[in-house]
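Visitor: This is the structure I have questions about; it appears just below.
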Amino acid sequence: MRTKGLRALGQIINVDPEVLKKANVKQAIENHLHDLSPAVRDAAVELVSKYIAQSSDLAQDYYPVLADRIADTSVAVRKRIIKLLKTMYETAGDDRDKQVDIGARLVSRMSDDDDGVKDLALKTLEDLWLGDLPQAAFSRPSISLSTDNIPSQRWTVEEKAKATAQVIMGVAGFSADRHSPLEDLFHQVVSSKEGKETPAVLARYQEICNALIGSLVDSESLEGFDLVSCVKTVHLLVAAHPPMMSLSNAKSLLPYLKNTATKEDQAIADFILKIYCACIPHLPKTAVQFAQELQGVLASRIQKPSNPLALPECIACFCAVVKHLTHDYQRLVGLLKSCNGRVKTLAAQPDTVNPQALRSLIIIAFMISLLCEHCDYDSLRSEHPDLASDIDSVSKLPIADHVYEVVLGLYEAFRTPAARAPLVRCLGYLFRAQPTLMTRPQSAAMMDAVFGGEDEDAKGRLLKIMQGFLISESEKHSALQKGKTAKKAKAVNMEELVGNTDGFAESGVSSAVVQRYLPQILEAALSSQMRIQAVAVDILGFTVKQGLAHPLQCMPVIVALETSASAQLSARAHALHSILNSKHASLVNSRYMECARMSFDYQSRLRKDDVQGYRLDPLPTALLQKWYSLVKEKRPARQDFLKAVVRAFDLDSTKLSSAQVRIRLATSSGKGTRANKCTLQTDIDFVRYMAENLSALDYKTQEEVLTVIRHLTLVLSTAGMQVYAVWSPQVQPEAQNGDSSGQVQGSQSDDVSFARASVIVGMISILKAYLKTVYGISEDKCAKWIPGKKSALGDKPASRRNPELALSWERLPFATAPILVADDVAKQRQHFIALWEADGVQPEPQELDMD
């Protein structure tokens, strides 16, 4: 009806669009943009989108509420908003702030759960930034679009490139992450083009890049110019297609390397060094003068480093310049010899090293490790006999092995965190250079000691090392695959056939490392420390996408992370869950109770004693809703899910007595049930958590609701009746001895255990009554419904009568409060008897007429 009402309003607006400007109409549309039904929200967006392009005032009024719906839970709504934002971008005129905001929102959809949304966002951004846009998107502030002189005032290609560059630069400033989603965007646009389309896209890239570098010379050429964002944007473009960086543009960036006095200067220099690392292999070989000047600047920065953290980019760029342009290998070998000699001298007597000497030692360890990462000295030894003697003077063994032993020796010699933290980074550089070093017993012993210790910062650093290693291996693999594709080589690799399998050995290191340390990675993913959790979740995502571990090992943690209050973390976990569900549905949809219990344990860590199975945002939303959304589309999958999770309410009726109570809950291994001699408070908390989840799930049909109600009825008819038989008024309560205000001890613990079991029965009764009331299902209908048999009743849509009504425990106070003393047992007995006896006299809900 609400959808039809919006369509009727649309008919009125067709006659008089000014109706949209009325305050009451605007408020009504805003309310419907937040409606519980996706169809209503979609209709509200469709209604407004028809008139946004025709009136700048309407666009200004409705933009904030419409733009926020780009994160809507409905795929259809997100797609419609993306199309609407494209229209608003094209008609924004000189409003660059709005275009930047639209661009940032579209880029955020590059990580959407739905592939269709991601593809639409990619195509939209490609059209907006790299296609031929309408003149309105590039209008000068001083020009009115309604005048007749637009054709004579059209912008040139350079002016359009500047306008687009300004927007992209603003969007780049939104992302402070190490890896910007814009980089993925530009990569995907280039890789998706074939044949005649490629030159046109690359030409647009070149125009935007030229406009950005030109603005470095004249910072007034772009409004709101920011030097760091400008250089960062150039880096993102060059990383997508390195050949676009011409020699003249490369020379224009060189002066910014010579001054790194401030933090901003250092950030600019780092981006420029990354640009050079990417483009140097593609510069003409005749660029000798530029290469020599760049090598000199880099050499001076390496010899007198102001900050060890700036060395990685400097040394990587230095090695690239020597390898591709200057071929001054003697300089590289000399630097290695010098560093090796100094590190041996300083490390000879570790007990006498003062703080200043230790800082020098760490810098030298950084340098020698980075040189091994970016320069293959063993290949230089074999290819350049004139350098062999100098390299042999360092070590006749493989240089990476020698440096590994040196750094590991330093790690063992210095026990302070201040010394070990940077040395672990040095080992990370060596692992990227020689992956097999990571599987050596010495490396395993070091990592085991860190993960087994109490230093959380050390664990975080080690996880970052693993993350960097996995990213490096992925990039190497991607580059290798691109090279094979480019060459289109169909010839057999004879080296591998004759036994040279070094490449195979390295390719298995990532999987070996992840599988060995997966328990520690999963534990870190549930950490309350955001820095550690973020890195661990990155590794978990890499593990899932690359298939480095069995899906069942990761599933409980992924389901737990889906319940996070952080929208970003929950979305990342849901995306990983979607990947596993699409590839291994039969596997991941098995250990339901193990996953549910892990989500409860995670919430218990975060919220301590205040765990709740739903959130009010503003309507009750189950924490396990994202999980259920993946299984509810297919009837067998959702029925298996519901039949499994309702077993959280099972009580062993054969053991119910005032002396011994047993509750069956899923074990941590997911292989059946376990019997506890007493019902623990955590059992009550878990059952309450599951009840709240089942009360707030977004059911598709009444069959799902009936499945839950039927199982609850079975438990009540057995265990519930037995609890009532023991506690009914006809049975005289046992005499209570001792102080009722103290902690329960001795034989009273059995009574407390029984009282806790009665709380579970009470929660089951309240949940059943709640579902019947909310979905308008009578007890008669529940009794007539036959499980597994298709029926008109079960096929009806599950429509909630009162969406705002949340499950409440007011009738059962001990559902949220612990039972500790004998007095609590007596109170719970009274509450239970009142609840049980009232259940049979409560009026049945009136059935909804769905026919």
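Ordering of the structure tokens sets the chain letters (A, B, ...); residue numbers start at 1 within each chain; ligands are numbered from 1 in the order shown.
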For region 328-335 of chain A, list every protein, DNA or RNA residue within 8 Å, evaluated using only C-alpha atoms, and leave out those in the same chain fewer than 4 positions away; present the list as a PyMOL selection string.
Guide: chain A and resi 319+322-323+339+377+387+390-391
Visitor: Per DSSP on the backbone, what are the helix (DSSP H, G or I) residues of region 508-595 of chain A, as a ChimeraX atom specification?
Guide: /A:509-525,530-546,551-562,567-583,585-588,592-595
Visitor: Given the selection you just returned, output its residues as a file containing C-alpha atoms, formatted as a PDB file, in the first residue's frame.
Guide:
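This went into part_32.pdb:
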ATOM      1  CA  VAL A 509      55.272 -20.713   1.312  1.00  0.00           C
ATOM      2  CA  SER A 510      52.202 -18.464   1.663  1.00  0.00           C
ATOM      3  CA  SER A 511      49.912 -21.433   2.218  1.00  0.00           C
ATOM      4  CA  ALA A 512      52.336 -23.085   4.643  1.00  0.00           C
ATOM      5  CA  VAL A 513      52.738 -19.947   6.755  1.00  0.00           C
ATOM      6  CA  VAL A 514      49.002 -19.205   6.888  1.00  0.00           C
ATOM      7  CA  GLN A 515      48.077 -22.759   7.816  1.00  0.00           C
ATOM      8  CA  ARG A 516      50.707 -22.909  10.552  1.00  0.00           C
ATOM      9  CA  TYR A 517      49.617 -19.655  12.180  1.00  0.00           C
ATOM     10  CA  LEU A 518      45.906 -19.622  11.298  1.00  0.00           C
ATOM     11  CA  PRO A 519      44.756 -20.095  14.933  1.00  0.00           C
ATOM     12  CA  GLN A 520      46.774 -17.035  15.987  1.00  0.00           C
ATOM     13  CA  ILE A 521      45.498 -15.046  12.997  1.00  0.00           C
ATOM     14  CA  LEU A 522      41.879 -15.931  13.800  1.00  0.00           C
ATOM     15  CA  GLU A 523      42.375 -15.038  17.450  1.00  0.00           C
ATOM     16  CA  ALA A 524      43.849 -11.674  16.454  1.00  0.00           C
ATOM     17  CA  ALA A 525      40.882 -11.045  14.138  1.00  0.00           C
ATOM     18  CA  MET A 530      41.645  -2.115  16.383  1.00  0.00           C
ATOM     19  CA  ARG A 531      45.240  -2.006  15.039  1.00  0.00           C
ATOM     20  CA  ILE A 532      45.775  -5.720  15.536  1.00  0.00           C
ATOM     21  CA  GLN A 533      42.284  -6.654  14.376  1.00  0.00           C
ATOM     22  CA  ALA A 534      42.554  -4.639  11.138  1.00  0.00           C
ATOM     23  CA  VAL A 535      45.762  -6.401  10.076  1.00  0.00           C
ATOM     24  CA  ALA A 536      44.448  -9.838  11.054  1.00  0.00           C
ATOM     25  CA  VAL A 537      41.221  -9.286   9.092  1.00  0.00           C
ATOM     26  CA  ASP A 538      43.305  -8.274   6.056  1.00  0.00           C
ATOM     27  CA  ILE A 539      45.227 -11.552   6.331  1.00  0.00           C
ATOM     28  CA  LEU A 540      41.969 -13.464   6.813  1.00  0.00           C
ATOM     29  CA  GLY A 541      40.562 -11.852   3.669  1.00  0.00           C
ATOM     30  CA  PHE A 542      43.670 -12.753   1.710  1.00  0.00           C
ATOM     31  CA  THR A 543      43.436 -16.326   3.045  1.00  0.00           C
ATOM     32  CA  VAL A 544      39.813 -16.708   1.955  1.00  0.00           C
ATOM     33  CA  LYS A 545      40.277 -15.150  -1.481  1.00  0.00           C
ATOM     34  CA  GLN A 546      43.426 -17.139  -2.264  1.00  0.00           C
ATOM     35  CA  PRO A 551      36.885 -22.743   4.699  1.00  0.00           C
ATOM     36  CA  LEU A 552      35.523 -24.430   7.828  1.00  0.00           C
ATOM     37  CA  GLN A 553      38.467 -23.147   9.852  1.00  0.00           C
ATOM     38  CA  CYS A 554      37.614 -19.535   9.007  1.00  0.00           C
ATOM     39  CA  MET A 555      33.815 -19.647   9.099  1.00  0.00           C
ATOM     40  CA  PRO A 556      33.153 -19.252  12.859  1.00  0.00           C
ATOM     41  CA  VAL A 557      35.343 -16.144  13.061  1.00  0.00           C
ATOM     42  CA  ILE A 558      33.807 -14.651   9.896  1.00  0.00           C
ATOM     43  CA  VAL A 559      30.284 -15.129  11.280  1.00  0.00           C
ATOM     44  CA  ALA A 560      31.405 -13.558  14.558  1.00  0.00           C
ATOM     45  CA  LEU A 561      32.858 -10.535  12.778  1.00  0.00           C
ATOM     46  CA  GLU A 562      29.589 -10.090  10.867  1.00  0.00           C
ATOM     47  CA  ALA A 567      29.633  -1.253   9.705  1.00  0.00           C
ATOM     48  CA  GLN A 568      32.914  -1.432   7.804  1.00  0.00           C
ATOM     49  CA  LEU A 569      34.179  -4.523   9.641  1.00  0.00           C
ATOM     50  CA  SER A 570      30.793  -6.239   9.396  1.00  0.00           C
ATOM     51  CA  ALA A 571      30.620  -5.531   5.655  1.00  0.00           C
ATOM     52  CA  ARG A 572      34.131  -6.925   5.091  1.00  0.00           C
ATOM     53  CA  ALA A 573      33.262 -10.098   6.985  1.00  0.00           C
ATOM     54  CA  HIS A 574      29.987 -10.449   5.058  1.00  0.00           C
ATOM     55  CA  ALA A 575      31.849 -10.090   1.756  1.00  0.00           C
ATOM     56  CA  LEU A 576      34.182 -12.942   2.773  1.00  0.00           C
ATOM     57  CA  HIS A 577      31.185 -15.008   3.874  1.00  0.00           C
ATOM     58  CA  SER A 578      29.567 -14.401   0.475  1.00  0.00           C
ATOM     59  CA  ILE A 579      32.697 -15.631  -1.297  1.00  0.00           C
ATOM     60  CA  LEU A 580      32.809 -18.831   0.728  1.00  0.00           C
ATOM     61  CA  ASN A 581      29.072 -19.346   0.365  1.00  0.00           C
ATOM     62  CA  SER A 582      29.275 -19.067  -3.414  1.00  0.00           C
ATOM     63  CA  LYS A 583      32.244 -21.457  -3.690  1.00  0.00           C
ATOM     64  CA  ALA A 585      28.083 -23.683   0.185  1.00  0.00           C
ATOM     65  CA  SER A 586      27.818 -27.360   1.146  1.00  0.00           C
ATOM     66  CA  LEU A 587      30.852 -27.066   3.419  1.00  0.00           C
ATOM     67  CA  VAL A 588      30.310 -23.744   5.166  1.00  0.00           C
ATOM     68  CA  TYR A 592      25.899 -23.816  12.425  1.00  0.00           C
ATOM     69  CA  MET A 593      26.064 -24.053  16.203  1.00  0.00           C
ATOM     70  CA  GLU A 594      29.835 -23.635  16.295  1.00  0.00           C
ATOM     71  CA  CYS A 595      29.516 -20.411  14.303  1.00  0.00           C
TER      72      CYS A 595
END
Visitor: In Å, rounded to a single decimal, give me how far CA of Ile362 (chain A) is from CA of Ala419 (chain A).
Guide: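 If I compute the distance from CA of Ala419 (chain A) to CA of Ile362 (chain A), I get 7.5 Å.
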Visitor: For a quick check of understanding, using only C-alpha atoms, which of A:Cys375, A:Ala822, A:Ile102, A:Ala365 has the smallest distance to Gly409 (chain A)?
Guide: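 Selected residue with least distance to Gly409 (chain A): A:Ala365.
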Visitor: As an exercise, work out the distance from CA of Asp68 (chain A) to CA of Val40 (chain A) in Å and give it to one decimal place.
Guide: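 CA of Asp68 (chain A) sits 16.0 Å away from CA of Val40 (chain A).
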Visitor: Applying 12 Å and only C-alpha atoms, which residues near region 198-200 of chain A remain after dropping the ones on its own chain fewer than 4 positions away? List them as a PyMOL selection string.
Guide: chain A and resi 126+130-132+189-194+204-207+241+244
Visitor: Write the selection just made, keeping N, CA, C and O atoms, as a tab-separated table (two decimals), in the first residue's frame?
Guide:
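Produced file out-v3.tsv, reproduced below:
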chain	number	residue	atom	x	y	z
A	126	GLU	N	33.93	5.47	-14.62
A	126	GLU	CA	34.65	5.51	-15.90
A	126	GLU	C	34.01	6.51	-16.86
A	126	GLU	O	34.70	7.30	-17.52
A	130	LEU	N	36.47	9.44	-17.35
A	130	LEU	CA	37.27	9.08	-18.52
A	130	LEU	C	36.48	9.11	-19.81
A	130	LEU	O	37.03	8.82	-20.88
A	131	GLY	N	35.20	9.43	-19.73
A	131	GLY	CA	34.39	9.49	-20.94
A	131	GLY	C	34.14	10.92	-21.37
A	131	GLY	O	34.67	11.88	-20.80
A	132	ASP	N	33.31	11.09	-22.39
A	132	ASP	CA	32.93	12.43	-22.87
A	132	ASP	C	31.70	12.88	-22.10
A	132	ASP	O	30.59	12.38	-22.31
A	189	VAL	N	39.90	-0.36	-14.86
A	189	VAL	CA	39.50	0.32	-16.10
A	189	VAL	C	40.48	-0.01	-17.21
A	189	VAL	O	40.08	-0.32	-18.34
A	190	VAL	N	41.78	0.03	-16.90
A	190	VAL	CA	42.79	-0.25	-17.93
A	190	VAL	C	42.73	-1.71	-18.36
A	190	VAL	O	42.75	-2.03	-19.56
A	191	SER	N	42.63	-2.62	-17.38
A	191	SER	CA	42.65	-4.05	-17.71
A	191	SER	C	41.40	-4.50	-18.45
A	191	SER	O	41.42	-5.52	-19.15
A	192	SER	N	40.29	-3.76	-18.27
A	192	SER	CA	39.04	-4.18	-18.92
A	192	SER	C	38.94	-3.75	-20.37
A	192	SER	O	38.05	-4.19	-21.09
A	193	LYS	N	39.84	-2.88	-20.82
A	193	LYS	CA	39.78	-2.38	-22.19
A	193	LYS	C	40.60	-3.24	-23.14
A	193	LYS	O	41.68	-3.72	-22.80
A	194	GLU	N	40.07	-3.40	-24.32
A	194	GLU	CA	40.76	-4.19	-25.34
A	194	GLU	C	40.66	-3.47	-26.69
A	194	GLU	O	39.72	-2.73	-26.96
A	204	ARG	N	43.04	9.76	-21.97
A	204	ARG	CA	42.40	10.50	-20.89
A	204	ARG	C	43.26	10.46	-19.63
A	204	ARG	O	43.40	11.45	-18.91
A	205	TYR	N	43.83	9.28	-19.33
A	205	TYR	CA	44.74	9.17	-18.20
A	205	TYR	C	45.88	10.17	-18.34
A	205	TYR	O	46.25	10.86	-17.39
A	206	GLN	N	46.44	10.22	-19.55
A	206	GLN	CA	47.58	11.10	-19.79
A	206	GLN	C	47.18	12.56	-19.61
A	206	GLN	O	47.94	13.35	-19.02
A	207	GLU	N	46.01	12.93	-20.09
A	207	GLU	CA	45.55	14.33	-19.95
A	207	GLU	C	45.39	14.70	-18.47
A	207	GLU	O	45.81	15.79	-18.05
A	241	HIS	N	49.06	2.56	-14.95
A	241	HIS	CA	49.67	2.47	-16.28
A	241	HIS	C	50.99	3.25	-16.28
A	241	HIS	O	51.03	4.43	-16.66
A	244	MET	N	52.62	6.01	-18.85
A	244	MET	CA	52.08	7.34	-19.08
A	244	MET	C	53.01	8.44	-18.55
A	244	MET	O	52.90	9.60	-18.95
Visitor: Could you pull the residues within 12 Å of Leu430 (chain A), counting only C-alpha atoms, minus those fewer than 6 positions along the same chain, as number ranges by chain?
Guide: A: 365-376, 399-408, 423-424, 436-438, 443, 465-466, 468-469, 472
